[in-house]
>>> print(open('run-v4.txt').read())   # compact mmCIF, C-alpha atoms
# COMPACT_ATOMS: atom_id res chain seq x y z
CA MET A 121 -59.10 23.56 -49.61
CA ASP A 122 -57.16 24.46 -52.74
CA LEU A 123 -54.93 21.60 -53.95
CA ALA A 124 -51.91 23.86 -54.36
CA ALA A 125 -52.37 25.22 -50.85
CA ALA A 126 -52.71 21.71 -49.43
CA LYS A 127 -49.52 20.65 -51.23
CA VAL A 128 -47.54 23.52 -49.80
CA ILE A 129 -48.84 22.86 -46.29
CA GLY A 130 -48.03 19.17 -46.69
CA ALA A 131 -44.49 19.95 -47.83
CA GLY A 132 -44.00 22.26 -44.88
CA LEU A 133 -45.19 19.62 -42.45
CA ALA A 134 -42.99 16.95 -44.04
CA VAL A 135 -39.84 19.02 -43.57
CA ILE A 136 -40.40 19.04 -39.78
CA GLY A 137 -38.77 15.60 -39.91
CA VAL A 138 -35.32 17.10 -40.36
CA LEU A 139 -35.52 18.05 -36.67
CA GLY A 140 -34.66 14.46 -35.78
CA SER A 141 -31.63 14.58 -38.02
CA GLY A 142 -30.45 17.79 -36.36
CA ILE A 143 -30.58 16.16 -32.96
CA GLY A 144 -28.92 13.03 -34.34
CA ILE A 145 -25.98 14.84 -35.93
CA GLY A 146 -25.41 16.85 -32.77
CA SER A 147 -25.48 13.64 -30.78
CA ILE A 148 -22.99 11.88 -33.07
CA PHE A 149 -20.46 14.68 -32.96
CA ALA A 150 -20.92 15.14 -29.20
CA ALA A 151 -19.98 11.46 -28.80
CA PHE A 152 -17.02 11.94 -31.16
CA ILE A 153 -15.72 14.97 -29.28
CA SER A 154 -16.04 13.33 -25.89
CA ALA A 155 -14.39 10.13 -27.18
CA VAL A 156 -11.44 12.07 -28.58
CA GLY A 157 -11.33 14.10 -25.37
CA ARG A 158 -10.99 10.97 -23.29
CA ASN A 159 -8.57 9.19 -25.60
CA PRO A 160 -6.89 11.46 -28.16
CA ALA A 161 -4.98 8.51 -29.63
CA ALA A 162 -8.22 6.92 -30.86
CA ARG A 163 -8.99 9.88 -33.10
CA GLY A 164 -8.34 8.14 -36.43
CA ASP A 165 -10.54 5.09 -35.89
CA VAL A 166 -13.33 6.99 -34.21
CA PHE A 167 -13.31 9.58 -37.00
CA THR A 168 -14.12 7.01 -39.68
CA MET A 169 -17.10 5.71 -37.71
CA THR A 170 -18.19 9.28 -37.00
CA MET A 171 -18.26 10.06 -40.72
CA LEU A 172 -20.27 6.91 -41.43
CA GLY A 173 -22.72 7.78 -38.64
CA PHE A 174 -23.03 11.34 -39.90
CA ALA A 175 -23.85 10.22 -43.44
CA LEU A 176 -26.46 7.75 -42.20
CA VAL A 177 -28.16 10.35 -39.99
CA GLU A 178 -28.08 12.98 -42.72
CA ALA A 179 -29.81 10.49 -45.00
CA ILE A 180 -32.86 10.68 -42.71
CA ALA A 181 -33.04 14.43 -43.22
CA LEU A 182 -32.86 13.85 -46.94
CA TYR A 183 -35.66 11.27 -46.87
CA ALA A 184 -37.85 13.94 -45.26
CA LEU A 185 -36.77 16.40 -47.94
CA VAL A 186 -37.51 13.91 -50.73
CA ILE A 187 -41.00 13.28 -49.36
CA ALA A 188 -41.58 17.02 -49.11
CA LEU A 189 -40.52 17.43 -52.75
CA VAL A 190 -42.72 14.52 -53.84
CA ILE A 191 -45.68 16.11 -52.07
CA LEU A 192 -44.94 19.52 -53.53
CA PHE A 193 -44.21 18.51 -57.12
CA GLY A 194 -45.72 15.03 -57.43
CA MET B 213 -27.72 30.08 -69.64
CA ALA B 214 -31.14 31.65 -70.03
CA ALA B 215 -32.19 34.75 -68.04
CA ALA B 216 -32.38 34.22 -64.28
CA GLY B 217 -35.86 33.52 -62.99
CA THR B 218 -37.11 31.72 -66.10
CA ASP B 219 -35.23 28.45 -65.64
CA SER B 220 -36.06 26.31 -62.65
CA PRO B 221 -33.06 25.04 -60.66
CA LEU B 222 -34.16 21.52 -61.57
CA GLU B 223 -33.36 22.12 -65.27
CA GLN B 224 -29.80 20.89 -64.72
CA PHE B 225 -31.05 17.34 -64.16
CA LYS B 226 -32.76 17.08 -67.53
CA ILE B 227 -31.72 14.10 -69.63
CA GLU B 228 -31.10 14.93 -73.28
CA PRO B 229 -30.75 12.14 -75.84
CA LEU B 230 -27.59 12.80 -77.84
CA ILE B 231 -27.77 9.82 -80.21
CA PRO B 232 -31.38 8.60 -80.46
CA ILE B 233 -31.58 4.79 -80.61
CA HIS B 234 -35.04 3.26 -80.65
CA LEU B 235 -35.71 -0.50 -80.72
CA GLY B 236 -39.44 -0.62 -81.33
CA LYS B 237 -40.89 0.95 -78.20
CA LEU B 238 -37.65 0.79 -76.22
CA ASP B 239 -35.74 4.04 -75.91
CA LEU B 240 -32.06 3.11 -75.70
CA SER B 241 -30.72 6.53 -76.68
CA PHE B 242 -27.20 7.53 -75.81
CA THR B 243 -27.96 10.43 -73.48
CA ASN B 244 -25.89 13.10 -71.75
CA SER B 245 -26.05 10.86 -68.68
CA SER B 246 -24.51 7.98 -70.67
CA LEU B 247 -21.84 10.31 -72.01
CA VAL B 248 -20.80 11.38 -68.51
CA MET B 249 -20.77 7.74 -67.41
CA VAL B 250 -18.41 6.92 -70.29
CA VAL B 251 -16.23 9.90 -69.31
CA ALA B 252 -16.14 8.63 -65.71
CA LEU B 253 -15.19 5.17 -66.97
CA VAL B 254 -12.38 6.56 -69.13
CA LEU B 255 -11.06 8.68 -66.24
CA ILE B 256 -11.08 5.81 -63.75
CA THR B 257 -9.43 3.40 -66.18
CA SER B 258 -6.76 5.88 -67.22
CA LEU B 259 -6.07 6.83 -63.59
CA LEU B 260 -5.44 3.20 -62.73
CA LEU B 261 -3.61 2.17 -65.91
CA VAL B 262 -1.38 5.22 -66.15
CA GLY B 263 -0.96 5.35 -62.39
CA ALA B 264 0.20 1.76 -62.13
CA ARG B 265 2.63 1.94 -65.03
CA PRO B 266 5.71 3.41 -63.28
CA ARG B 267 6.28 0.60 -60.82
CA ALA B 268 8.44 2.69 -58.54
CA LEU B 269 8.97 1.46 -55.02
CA VAL B 270 8.68 5.04 -53.83
CA PRO B 271 5.62 6.16 -55.79
CA GLY B 272 5.36 9.47 -57.59
CA ARG B 273 2.17 11.53 -57.39
CA LEU B 274 -0.06 9.69 -59.84
CA GLN B 275 1.04 6.26 -58.71
CA SER B 276 0.36 7.39 -55.15
CA VAL B 277 -3.20 8.31 -56.01
CA ALA B 278 -3.84 4.97 -57.70
CA GLU B 279 -2.30 3.10 -54.75
CA LEU B 280 -4.30 5.24 -52.30
CA ALA B 281 -7.58 4.35 -53.99
CA TYR B 282 -6.67 0.65 -53.98
CA GLU B 283 -5.53 0.64 -50.36
CA PHE B 284 -8.54 2.60 -49.17
CA VAL B 285 -11.01 0.06 -50.53
CA ALA B 286 -8.82 -2.91 -49.56
CA ASN B 287 -8.64 -1.64 -45.96
CA LEU B 288 -12.38 -1.06 -45.98
CA LEU B 289 -12.95 -4.68 -46.96
CA SER B 290 -10.50 -6.16 -44.48
CA ASP B 291 -11.85 -4.00 -41.64
CA THR B 292 -15.47 -4.97 -42.19
CA ILE B 293 -15.31 -8.51 -43.58
CA GLY B 294 -11.86 -9.78 -42.70
CA GLU B 295 -9.83 -12.26 -44.72
CA GLU B 296 -12.67 -13.39 -46.97
CA GLY B 297 -13.21 -9.79 -48.02
CA LYS B 298 -10.57 -9.98 -50.72
CA ARG B 299 -12.75 -11.80 -53.21
CA TYR B 300 -15.29 -8.97 -53.13
CA PHE B 301 -12.70 -6.30 -53.88
CA PRO B 302 -13.57 -5.88 -57.59
CA ILE B 303 -17.27 -5.15 -57.02
CA VAL B 304 -16.73 -2.83 -54.07
CA PHE B 305 -13.90 -1.00 -55.82
CA THR B 306 -16.00 -0.58 -58.95
CA ILE B 307 -18.94 0.77 -57.00
CA PHE B 308 -16.76 3.11 -54.96
CA MET B 309 -14.86 4.57 -57.92
CA PHE B 310 -17.95 4.84 -60.13
CA VAL B 311 -19.96 6.68 -57.48
CA LEU B 312 -16.98 8.85 -56.48
CA PHE B 313 -16.17 9.92 -60.03
CA GLY B 314 -19.87 10.40 -60.77
CA ASN B 315 -20.20 12.73 -57.83
CA LEU B 316 -16.96 14.60 -58.56
CA ILE B 317 -17.60 15.08 -62.30
CA GLY B 318 -20.93 16.65 -61.36
CA LEU B 319 -19.07 19.41 -59.52
CA VAL B 320 -17.49 20.67 -62.74
CA PRO B 321 -19.55 23.71 -63.83
CA PHE B 322 -22.04 23.03 -66.63
CA SER B 323 -21.51 19.30 -66.21
CA PHE B 324 -24.00 16.55 -65.40
CA THR B 325 -24.27 14.43 -62.24
CA PHE B 326 -25.47 11.00 -63.20
CA THR B 327 -25.68 9.93 -59.54
CA SER B 328 -28.39 12.53 -59.00
CA HIS B 329 -30.89 10.33 -60.82
CA ILE B 330 -32.79 7.84 -58.69
CA ILE B 331 -32.77 5.24 -61.46
CA VAL B 332 -28.97 5.15 -61.56
CA THR B 333 -28.55 4.93 -57.79
CA PHE B 334 -31.41 2.46 -57.52
CA ALA B 335 -29.84 0.25 -60.19
CA LEU B 336 -26.59 0.18 -58.20
CA ALA B 337 -28.28 -0.35 -54.83
CA PHE B 338 -30.67 -2.98 -56.14
CA SER B 339 -27.82 -4.92 -57.77
CA VAL B 340 -25.98 -4.88 -54.45
CA PHE B 341 -29.13 -6.03 -52.64
CA ILE B 342 -29.85 -8.87 -55.06
CA GLY B 343 -26.19 -9.91 -55.07
CA VAL B 344 -25.97 -9.95 -51.28
CA THR B 345 -29.23 -11.91 -50.93
CA ILE B 346 -28.11 -14.49 -53.49
CA LEU B 347 -24.76 -14.73 -51.70
CA ALA B 348 -26.51 -15.34 -48.38
CA LEU B 349 -28.84 -17.94 -49.88
CA ALA B 350 -25.99 -19.67 -51.65
CA ARG B 351 -23.87 -19.83 -48.53
CA HIS B 352 -26.48 -20.65 -45.89
CA GLY B 353 -29.42 -22.05 -47.83
CA LEU B 354 -32.68 -21.96 -45.91
CA HIS B 355 -30.74 -21.28 -42.71
CA PHE B 356 -30.82 -17.71 -44.06
CA ALA B 357 -34.09 -17.27 -42.14
CA ARG B 358 -32.05 -17.17 -38.92
CA PHE B 359 -30.89 -13.70 -39.89
CA PHE B 360 -34.29 -12.22 -39.16
CA VAL B 361 -34.29 -13.57 -35.62
CA PRO B 362 -32.32 -11.21 -33.37
CA PRO B 363 -30.07 -13.23 -31.04
CA GLY B 364 -31.02 -13.58 -27.38
CA VAL B 365 -34.70 -12.75 -27.84
CA SER B 366 -37.44 -14.92 -26.32
CA PRO B 367 -39.76 -16.62 -28.88
CA ALA B 368 -42.71 -14.70 -27.46
CA LEU B 369 -41.48 -11.53 -29.18
CA TRP B 370 -40.80 -13.16 -32.56
CA PRO B 371 -44.18 -12.35 -34.21
CA LEU B 372 -43.46 -8.69 -33.52
CA LEU B 373 -39.75 -8.56 -34.29
CA ILE B 374 -39.50 -10.78 -37.37
CA PRO B 375 -41.77 -8.63 -39.62
CA ILE B 376 -39.87 -5.54 -38.45
CA GLU B 377 -36.56 -7.21 -39.28
CA ILE B 378 -37.83 -8.30 -42.69
CA ILE B 379 -39.12 -4.83 -43.52
CA SER B 380 -35.87 -3.22 -42.47
CA TYR B 381 -33.95 -5.72 -44.62
CA LEU B 382 -36.15 -4.96 -47.63
CA SER B 383 -35.71 -1.24 -47.10
CA ARG B 384 -31.93 -1.53 -47.59
CA PRO B 385 -31.86 -0.90 -51.36
CA ILE B 386 -34.29 2.00 -50.93
CA SER B 387 -32.25 3.69 -48.23
CA LEU B 388 -28.96 3.04 -50.02
CA SER B 389 -30.21 4.54 -53.28
CA VAL B 390 -32.20 7.45 -51.83
CA ARG B 391 -29.31 8.50 -49.60
CA LEU B 392 -26.99 9.05 -52.55
CA PHE B 393 -29.67 10.43 -54.87
CA ALA B 394 -31.08 12.91 -52.35
CA ASN B 395 -27.64 14.15 -51.29
CA MET B 396 -26.64 14.87 -54.88
CA LEU B 397 -30.02 16.34 -55.84
CA ALA B 398 -30.23 18.60 -52.79
CA GLY B 399 -26.63 19.76 -53.10
CA HIS B 400 -26.82 20.70 -56.74
CA THR B 401 -30.27 22.30 -56.46
CA LEU B 402 -29.08 24.42 -53.55
CA LEU B 403 -26.01 25.50 -55.54
CA LYS B 404 -28.21 26.49 -58.48
CA VAL B 405 -30.68 28.43 -56.31
CA PHE B 406 -27.98 30.46 -54.60
CA ALA B 407 -26.13 31.01 -57.83
CA GLY B 408 -29.35 32.53 -59.16
CA PHE B 409 -29.42 34.96 -56.26
CA VAL B 410 -25.96 36.27 -57.17
CA PHE B 411 -27.25 38.07 -60.24
CA LEU B 412 -30.58 39.10 -58.74
CA LEU B 413 -28.95 41.02 -55.88
CA GLY B 414 -26.58 43.04 -58.06
CA PHE B 415 -23.86 44.53 -55.87
CA ALA B 416 -24.89 42.64 -52.74
CA GLY B 417 -24.48 39.49 -54.80
CA PHE B 418 -21.15 39.00 -53.06
CA PHE B 419 -22.84 37.23 -50.16
CA PRO B 420 -24.59 34.52 -52.16
CA LEU B 421 -21.34 34.13 -54.08
CA ALA B 422 -19.38 33.50 -50.88
CA PHE B 423 -22.04 31.03 -49.84
CA VAL B 424 -21.85 29.25 -53.20
CA VAL B 425 -18.06 28.94 -52.81
CA ALA B 426 -18.44 27.50 -49.30
CA LEU B 427 -21.22 25.19 -50.45
CA SER B 428 -19.06 23.92 -53.34
CA GLY B 429 -16.38 23.02 -50.80
CA LEU B 430 -19.00 21.18 -48.76
CA GLU B 431 -20.18 19.41 -51.92
CA PHE B 432 -16.66 18.08 -52.49
CA LEU B 433 -16.68 16.63 -48.98
CA ILE B 434 -20.14 15.18 -49.55
CA ALA B 435 -19.05 13.63 -52.86
CA PHE B 436 -16.29 11.69 -51.09
CA LEU B 437 -18.42 10.93 -48.06
CA GLN B 438 -21.34 9.53 -50.04
CA ALA B 439 -19.08 7.32 -52.14
CA TYR B 440 -17.43 6.07 -48.94
CA VAL B 441 -20.79 5.42 -47.26
CA PHE B 442 -22.10 3.52 -50.28
CA ALA B 443 -18.96 1.38 -50.33
CA ILE B 444 -18.87 0.70 -46.62
CA LEU B 445 -22.56 -0.19 -46.49
CA THR B 446 -22.01 -2.61 -49.39
CA CYS B 447 -19.18 -4.17 -47.36
CA LEU B 448 -21.39 -4.36 -44.25
CA TYR B 449 -24.20 -6.04 -46.21
CA ILE B 450 -21.72 -8.54 -47.65
CA ASN B 451 -20.48 -9.17 -44.11
CA ASP B 452 -24.05 -9.74 -42.94
CA ALA B 453 -24.59 -12.20 -45.78
CA LEU B 454 -21.40 -14.13 -44.97
CA HIS B 455 -21.39 -14.11 -41.18
CA LEU B 456 -24.41 -13.06 -39.20
CA HIS B 457 -26.67 -15.69 -40.75
>>> encode(input="run-v4.txt", output="structure tokens")
Amino acid sequence: MDLAAAKVIGAGLAVIGVLGSGIGIGSIFAAFISAVGRNPAARGDVFTMTMLGFALVEAIALYALVIALVILFG
Amino acid sequence: MAAAGTDSPLEQFKIEPLIPIHLGKLDLSFTNSSLVMVVALVLITSLLLVGARPRALVPGRLQSVAELAYEFVANLLSDTIGEEGKRYFPIVFTIFMFVLFGNLIGLVPFSFTFTSHIIVTFALAFSVFIGVTILALARHGLHFARFFVPPGVSPALWPLLIPIEIISYLSRPISLSVRLFANMLAGHTLLKVFAGFVFLLGFAGFFPLAFVVALSGLEFLIAFLQAYVFAILTCLYINDALHLH
């Protein structure tokens, strides 16, 4: 198989990993919404943790992206 | 800017030496990255010095911003570490402001984002990692090994769990640095790619333009968020070093 073709296929496969991050972000914000729904007064504290959780989960998507870029251009 | 389609969107990350300085084989040139770091330093220092000068009890706008930055990081430290957190305020504040201003300066058009280079973020993350490990060793000595044993786990599972714990501890500087680097790289590359579409589509270029505007707003949020995450993870690692060992 052509090296360039293999690289592109590899990059495409690597990006499938962002699926996990999609599920994770949805899960985090679902928990945030239901927490605020149950106890609207807790919004401030829960929001800070939600933002931290979101950034950590998004990092996973970006690791997958970085590996895809390394495969494609490395 | 050269004609669309000839420059790759990754051209914006190129490092150009402005003042070449070579010591034998070592390249210590003052680059565009160094220049932006100096600009960030000047901005942070002037914000704090000029902001703290009018010592009004009811702060004006600039003093408010300086106090806000201080309080934000101070609260971060006291929420995660507690009373002992105060001594680590300088390092966490420095990291937070440096990363924040680095990210924000990169959003100025035609500017340079020094946090979008893995070596810069890795230098910061690795320093934090080494510092936290030395702190833990200094405080707990060889008892530090207790950190890799999760509490309430039977010794039968230790040969499986301890290597996993060690690997996840060693992956901290990597995750900390790659998180910031990849966020900045992806954001700016995406902006460049869509900005390229604006000219290519002619009249229908309005849609990529609207997207670029929305994405720039998102990038502002991400700039703050990534600086906050870097700072809070530093605080959490310091807390781990001080307490959970």
>>> atom_distance(input="run-v4.txt", atom1="atom CA of B:Ser323", atom2="atom CA of B:Thr306")
21.9 Å
>>> residues_around(input="run-v4.txt", residues="stretch 124-136 of chain A", least_positions_apart="3", cutoff="8 Å", atoms="all atoms listed in the file", output="ChimeraX atom specification")
/A:121,139,184-185,187-189,191-192
>>> atom_distance(input="run-v4.txt", atom1="atom CA of B:Thr333", atom2="atom CA of B:Val251")
17.6 Å
>>> residues_around(input="run-v4.txt", residues="stretch 376-381 of chain B", least_positions_apart="5", cutoff="9 Å", atoms="all atoms listed in the file", output="list in words")
Phe359, Phe360, Val361 and Pro362 of chain B
>>> closest_residue(input="run-v4.txt", among="B:Leu349, B:Leu269, B:Ile386, B:Ala286", to="chain A", atoms="all atoms listed in the file")
B:Ile386
>>> closest_residue(input="run-v4.txt", among="B:Glu223, B:Asp291, B:Asp239, B:Glu279", to="chain A", atoms="only C-alpha atoms")
B:Asp291
>>> residues_around(input="run-v4.txt", residues="B:Ile231", least_positions_apart="3", cutoff="10 Å", atoms="only C-alpha atoms", output="list in words")
Glu228, His234, Leu240, Ser241, Phe242, Thr243 and Asn244 of chain B
>>> write_last_selection(input="run-v4.txt", atoms="C-alpha atoms", output="PDB file, in the frame of the given file")
ATOM      1  CA  GLU B 228     -31.100  14.930 -73.280  1.00  0.00           C
ATOM      2  CA  HIS B 234     -35.040   3.260 -80.650  1.00  0.00           C
ATOM      3  CA  LEU B 240     -32.060   3.110 -75.700  1.00  0.00           C
ATOM      4  CA  SER B 241     -30.720   6.530 -76.680  1.00  0.00           C
ATOM      5  CA  PHE B 242     -27.200   7.530 -75.810  1.00  0.00           C
ATOM      6  CA  THR B 243     -27.960  10.430 -73.480  1.00  0.00           C
ATOM      7  CA  ASN B 244     -25.890  13.100 -71.750  1.00  0.00           C
TER       8      ASN B 244
END
>>> residues_around(input="run-v4.txt", residues="A:Phe167", least_positions_apart="5", cutoff="9 Å", atoms="all atoms listed in the file", output="PyMOL selection string")
chain A and resi 152+156+162+172
>>> write_last_selection(input="run-v4.txt", atoms="C-alpha atoms", output="tab-separated table (two decimals), keeping the file's coordinate frame")
chain	number	residue	atom	x	y	z
A	152	PHE	CA	-17.02	11.94	-31.16
A	156	VAL	CA	-11.44	12.07	-28.58
A	162	ALA	CA	-8.22	6.92	-30.86
A	172	LEU	CA	-20.27	6.91	-41.43
>>> axis_aligned_box(input="run-v4.txt", around="stretch 148-161 of chain A", padding_each_side="3 Å", output="JSON")
{"center_x": -14.0, "center_y": 11.8, "center_z": -28.2, "size_x": 24.0, "size_y": 12.6, "size_z": 15.8}
>>> interface_residues(input="run-v4.txt", of="chain B", to="chain A", cutoff="10 Å", atoms="all atoms listed in the file", output="number ranges by chain")
B: 387-388, 390-395, 397-398, 434, 437-438, 440-442, 444-445
>>> atom_distance(input="run-v4.txt", atom1="atom CA of B:Ala348", atom2="atom CA of B:Ser290")
18.9 Å
>>> closest_residue(input="run-v4.txt", among="B:Arg358, B:Gln224, B:Ile374, B:Phe305", to="B:Asn287", atoms="all atoms listed in the file")
B:Phe305
>>> closest_residue(input="run-v4.txt", among="A:Leu123, A:Ala155, A:Phe149, A:Asp165", to="A:Gly194", atoms="all atoms listed in the file")
A:Leu123
